[in-house]
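Trainee: If you scroll down you'll find the structure; I have some questions about it.
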Amino acid sequence: MSEQSYYDLVYYITQKIPLGRVSTYGDIADYLSLGSARMVGWALTQSNRAGVGDVPAHRVVNSKGELSGRHNFATPTLMQERLEAEGVLVKNDKVQNFKELRWHPEELDES
DNA sequence: CAGCTGACGCATA
DNA sequence: GTATGCGCCAGCT
């Protein structure tokens, strides 16, 4: 792949998250060697704001499985609704069974 | 140019 | 489990 900005890499990984699964900022940041999970959140913020393609940002949560970015979506409930629509159970703004639903970017490398 | 903020993460107390 | 601090880096005031 050519040299891309960190957001492009984040978008790429985010789009690769299997449906019904979730990932974390830390895992993505570490995989892309961004050095900071904040950069991942920022890239996603820009993506949903500008509506860049189809970036399932709702599948990206923090290390605790909490929907920390729900407030950044069109509506605070959109993130949870989308996750539940994909089969991910969300309770109290937290992904249930998160530990099992957690998806690691490195799986792409093994694929 | 300086400082603050922010969809985070981890260590420590 | 809650509170505080540090690192991290881009963007905005």
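For the structure tokens, the naming scheme is as follows: chains receive sequential letters (A, B, ...) according to their order of presentation, residues are indexed from 1 within each chain, and ligands are indexed from 1 in presentation order.
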Which residues, written as an MDAnalysis selection string, have at least one atom at most 10 Å from segment 3-12 of chain C, with only C-alpha atoms (C1' of nucleotides) counted and residues fewer than 2 positions away on the same chain left out?

Mentor: (chainID A and resid 34:39 42:43) or (chainID B and resid 4:6 8:13)

Trainee: DSSP on the backbone: which residues in chain A end up as alpha helix (DSSP H)? Give the answer as a ChimeraX atom specification.

Mentor: /A:6-16,25-32,37-50,78-85,98-101,106-110

Trainee: If I take atom CA of Leu44 of chain A and atom CA of Ser68 of chain A, how far is one from the other in Å, to one decimal?

Mentor: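 Result for atom CA of Leu44 of chain A versus atom CA of Ser68 of chain A: 12.1 Å, one decimal.
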
Trainee: With a cut-off of 12 Å, could you pull out the residues of chain A touching chain B and give me the nearest pair of atoms for each, distance in Å to one decimal, using only C-alpha atoms (C1' of nucleotides), ordered by chain and ascending number, as JSON lines?

Mentor:
{"residue": "A:Thr24", "atom": "CA", "partner": "B:DC8", "partner_atom": "C1'", "distance": 9.4}
{"residue": "A:Tyr25", "atom": "CA", "partner": "B:DC8", "partner_atom": "C1'", "distance": 6.8}
{"residue": "A:Gly26", "atom": "CA", "partner": "B:DG9", "partner_atom": "C1'", "distance": 6.9}
{"residue": "A:Asp27", "atom": "CA", "partner": "B:DG9", "partner_atom": "C1'", "distance": 10.3}
{"residue": "A:Ile28", "atom": "CA", "partner": "B:DC8", "partner_atom": "C1'", "distance": 11.3}
{"residue": "A:Ala29", "atom": "CA", "partner": "B:DC8", "partner_atom": "C1'", "distance": 9.8}
{"residue": "A:Asp30", "atom": "CA", "partner": "B:DG9", "partner_atom": "C1'", "distance": 10.9}
{"residue": "A:Gly35", "atom": "CA", "partner": "B:DG9", "partner_atom": "C1'", "distance": 10.8}
{"residue": "A:Ser36", "atom": "CA", "partner": "B:DC8", "partner_atom": "C1'", "distance": 7.4}
{"residue": "A:Ala37", "atom": "CA", "partner": "B:DC8", "partner_atom": "C1'", "distance": 5.0}
{"residue": "A:Arg38", "atom": "CA", "partner": "B:DC8", "partner_atom": "C1'", "distance": 5.2}
{"residue": "A:Met39", "atom": "CA", "partner": "B:DC8", "partner_atom": "C1'", "distance": 8.8}
{"residue": "A:Val40", "atom": "CA", "partner": "B:DA7", "partner_atom": "C1'", "distance": 8.2}
{"residue": "A:Gly41", "atom": "CA", "partner": "B:DA7", "partner_atom": "C1'", "distance": 4.5}
{"residue": "A:Trp42", "atom": "CA", "partner": "B:DA7", "partner_atom": "C1'", "distance": 6.9}
{"residue": "A:Ala43", "atom": "CA", "partner": "B:DA7", "partner_atom": "C1'", "distance": 9.2}
{"residue": "A:Leu44", "atom": "CA", "partner": "B:DA7", "partner_atom": "C1'", "distance": 7.4}
{"residue": "A:Thr45", "atom": "CA", "partner": "B:DA7", "partner_atom": "C1'", "distance": 6.7}
{"residue": "A:Gln46", "atom": "CA", "partner": "B:DA7", "partner_atom": "C1'", "distance": 10.3}
{"residue": "A:Ser47", "atom": "CA", "partner": "B:DA7", "partner_atom": "C1'", "distance": 11.4}
{"residue": "A:Asn48", "atom": "CA", "partner": "B:DA7", "partner_atom": "C1'", "distance": 10.7}
{"residue": "A:Ala57", "atom": "CA", "partner": "B:DA7", "partner_atom": "C1'", "distance": 9.0}
{"residue": "A:His58", "atom": "CA", "partner": "B:DA7", "partner_atom": "C1'", "distance": 9.8}
{"residue": "A:Arg59", "atom": "CA", "partner": "B:DA7", "partner_atom": "C1'", "distance": 11.4}
{"residue": "A:Val60", "atom": "CA", "partner": "B:DA7", "partner_atom": "C1'", "distance": 8.6}
{"residue": "A:Val61", "atom": "CA", "partner": "B:DA7", "partner_atom": "C1'", "distance": 7.8}
{"residue": "A:Asn62", "atom": "CA", "partner": "B:DC8", "partner_atom": "C1'", "distance": 6.9}
{"residue": "A:Ser63", "atom": "CA", "partner": "B:DG9", "partner_atom": "C1'", "distance": 7.6}
{"residue": "A:Lys64", "atom": "CA", "partner": "B:DG9", "partner_atom": "C1'", "distance": 10.0}
{"residue": "A:Gly65", "atom": "CA", "partner": "B:DC8", "partner_atom": "C1'", "distance": 12.0}
{"residue": "A:Glu66", "atom": "CA", "partner": "B:DA7", "partner_atom": "C1'", "distance": 10.2}
{"residue": "A:Leu67", "atom": "CA", "partner": "B:DA7", "partner_atom": "C1'", "distance": 8.1}
{"residue": "A:Ser68", "atom": "CA", "partner": "B:DA7", "partner_atom": "C1'", "distance": 5.6}
{"residue": "A:Gly69", "atom": "CA", "partner": "B:DA7", "partner_atom": "C1'", "distance": 3.7}
{"residue": "A:Arg70", "atom": "CA", "partner": "B:DA7", "partner_atom": "C1'", "distance": 7.5}
{"residue": "A:His71", "atom": "CA", "partner": "B:DA7", "partner_atom": "C1'", "distance": 8.2}
{"residue": "A:Asn72", "atom": "CA", "partner": "B:DA7", "partner_atom": "C1'", "distance": 7.0}
{"residue": "A:Phe73", "atom": "CA", "partner": "B:DA7", "partner_atom": "C1'", "distance": 9.5}
{"residue": "A:Pro76", "atom": "CA", "partner": "B:DA7", "partner_atom": "C1'", "distance": 11.9}
{"residue": "A:Met79", "atom": "CA", "partner": "B:DA7", "partner_atom": "C1'", "distance": 11.3}

Trainee: As an exercise, work out the distance from atom CA of Lys94 of chain A to atom CA of Thr75 of chain A in Å and give it to one decimal place.

Mentor: 16.5 Å

Trainee: How many Å lie between atom CA of Val10 of chain A and atom CA of Val55 of chain A, rounded to one decimal?

Mentor: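 Calculated distance between atom CA of Val10 of chain A and atom CA of Val55 of chain A is 9.3 Å.
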
Trainee: If you run DSSP on this backbone, which residues of segment 61-98 of chain A come out as strand (DSSP E or B), and could you give them as a PyMOL selection string?

Mentor: chain A and resi 61+66+90-91+94-95

Trainee: Generate a file of the selected residues that holds all heavy atoms, formatted as a JSON list (two decimals), in the first residue's frame.

Mentor:
[["chain", "number", "residue", "atom", "x", "y", "z"],
["A", 61, "VAL", "N", -14.50, 1.18, 19.71],
["A", 61, "VAL", "CA", -14.77, 1.65, 21.07],
["A", 61, "VAL", "C", -13.46, 1.73, 21.85],
["A", 61, "VAL", "O", -12.42, 1.34, 21.37],
["A", 61, "VAL", "CB", -15.74, 0.69, 21.77],
["A", 61, "VAL", "CG1", -17.08, 0.67, 21.07],
["A", 61, "VAL", "CG2", -15.14, -0.71, 21.84],
["A", 66, "GLU", "N", -16.54, 0.78, 25.98],
["A", 66, "GLU", "CA", -17.55, 1.83, 26.14],
["A", 66, "GLU", "C", -17.70, 2.63, 24.86],
["A", 66, "GLU", "O", -16.72, 2.89, 24.16],
["A", 66, "GLU", "CB", -17.16, 2.77, 27.28],
["A", 66, "GLU", "CG", -17.01, 2.02, 28.59],
["A", 66, "GLU", "CD", -16.46, 2.92, 29.67],
["A", 66, "GLU", "OE1", -15.49, 3.64, 29.39],
["A", 66, "GLU", "OE2", -16.98, 2.90, 30.78],
["A", 90, "VAL", "N", -25.52, -3.84, 23.35],
["A", 90, "VAL", "CA", -24.96, -2.70, 24.07],
["A", 90, "VAL", "C", -25.81, -2.39, 25.29],
["A", 90, "VAL", "O", -27.02, -2.30, 25.21],
["A", 90, "VAL", "CB", -24.89, -1.45, 23.17],
["A", 90, "VAL", "CG1", -24.35, -0.26, 23.94],
["A", 90, "VAL", "CG2", -24.02, -1.74, 21.95],
["A", 91, "LYS", "N", -25.17, -2.25, 26.42],
["A", 91, "LYS", "CA", -25.90, -1.97, 27.65],
["A", 91, "LYS", "C", -25.21, -0.85, 28.42],
["A", 91, "LYS", "O", -24.01, -0.92, 28.67],
["A", 91, "LYS", "CB", -25.93, -3.24, 28.51],
["A", 91, "LYS", "CG", -26.73, -3.07, 29.77],
["A", 91, "LYS", "CD", -28.13, -3.64, 29.59],
["A", 91, "LYS", "CE", -28.89, -3.52, 30.90],
["A", 91, "LYS", "NZ", -30.15, -4.26, 30.85],
["A", 94, "LYS", "N", -22.10, 0.45, 26.97],
["A", 94, "LYS", "CA", -20.94, -0.44, 26.97],
["A", 94, "LYS", "C", -21.26, -1.70, 26.17],
["A", 94, "LYS", "O", -22.37, -2.21, 26.26],
["A", 94, "LYS", "CB", -20.54, -0.81, 28.39],
["A", 94, "LYS", "CG", -20.13, 0.40, 29.19],
["A", 94, "LYS", "CD", -19.81, 0.00, 30.62],
["A", 94, "LYS", "CE", -19.70, 1.24, 31.49],
["A", 94, "LYS", "NZ", -20.98, 1.97, 31.60],
["A", 95, "VAL", "N", -20.29, -2.20, 25.43],
["A", 95, "VAL", "CA", -20.48, -3.40, 24.62],
["A", 95, "VAL", "C", -20.48, -4.64, 25.51],
["A", 95, "VAL", "O", -19.51, -4.89, 26.23],
["A", 95, "VAL", "CB", -19.36, -3.52, 23.57],
["A", 95, "VAL", "CG1", -19.52, -4.82, 22.78],
["A", 95, "VAL", "CG2", -19.40, -2.32, 22.63]]

Trainee: If we count only C-alpha atoms (C1' of nucleotides), what is near Gln15 of chain A at a cut-off of 8 Å, once residues fewer than 4 positions away on the same chain are taken out, given as a PyMOL selection string?

Mentor: chain A and resi 11+54-56

Trainee: Suppose we keep N, CA and C atoms; can you now write the selection as a PDB file, in the first residue's frame?

Mentor:
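Wrote it out as again25.pdb, contents follow:
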ATOM      1  N   TYR A  11      -9.213   4.628   8.499  1.00  0.00           N
ATOM      2  CA  TYR A  11     -10.423   4.333   7.736  1.00  0.00           C
ATOM      3  C   TYR A  11     -10.335   2.917   7.169  1.00  0.00           C
ATOM      4  N   ASP A  54     -17.899   5.054   3.714  1.00  0.00           N
ATOM      5  CA  ASP A  54     -18.663   4.357   4.736  1.00  0.00           C
ATOM      6  C   ASP A  54     -17.723   3.836   5.809  1.00  0.00           C
ATOM      7  N   VAL A  55     -17.444   4.650   6.760  1.00  0.00           N
ATOM      8  CA  VAL A  55     -16.569   4.241   7.845  1.00  0.00           C
ATOM      9  C   VAL A  55     -17.386   3.875   9.072  1.00  0.00           C
ATOM     10  N   PRO A  56     -17.481   2.585   9.362  1.00  0.00           N
ATOM     11  CA  PRO A  56     -18.252   2.115  10.513  1.00  0.00           C
ATOM     12  C   PRO A  56     -17.579   2.474  11.827  1.00  0.00           C
TER      13      PRO A  56
END
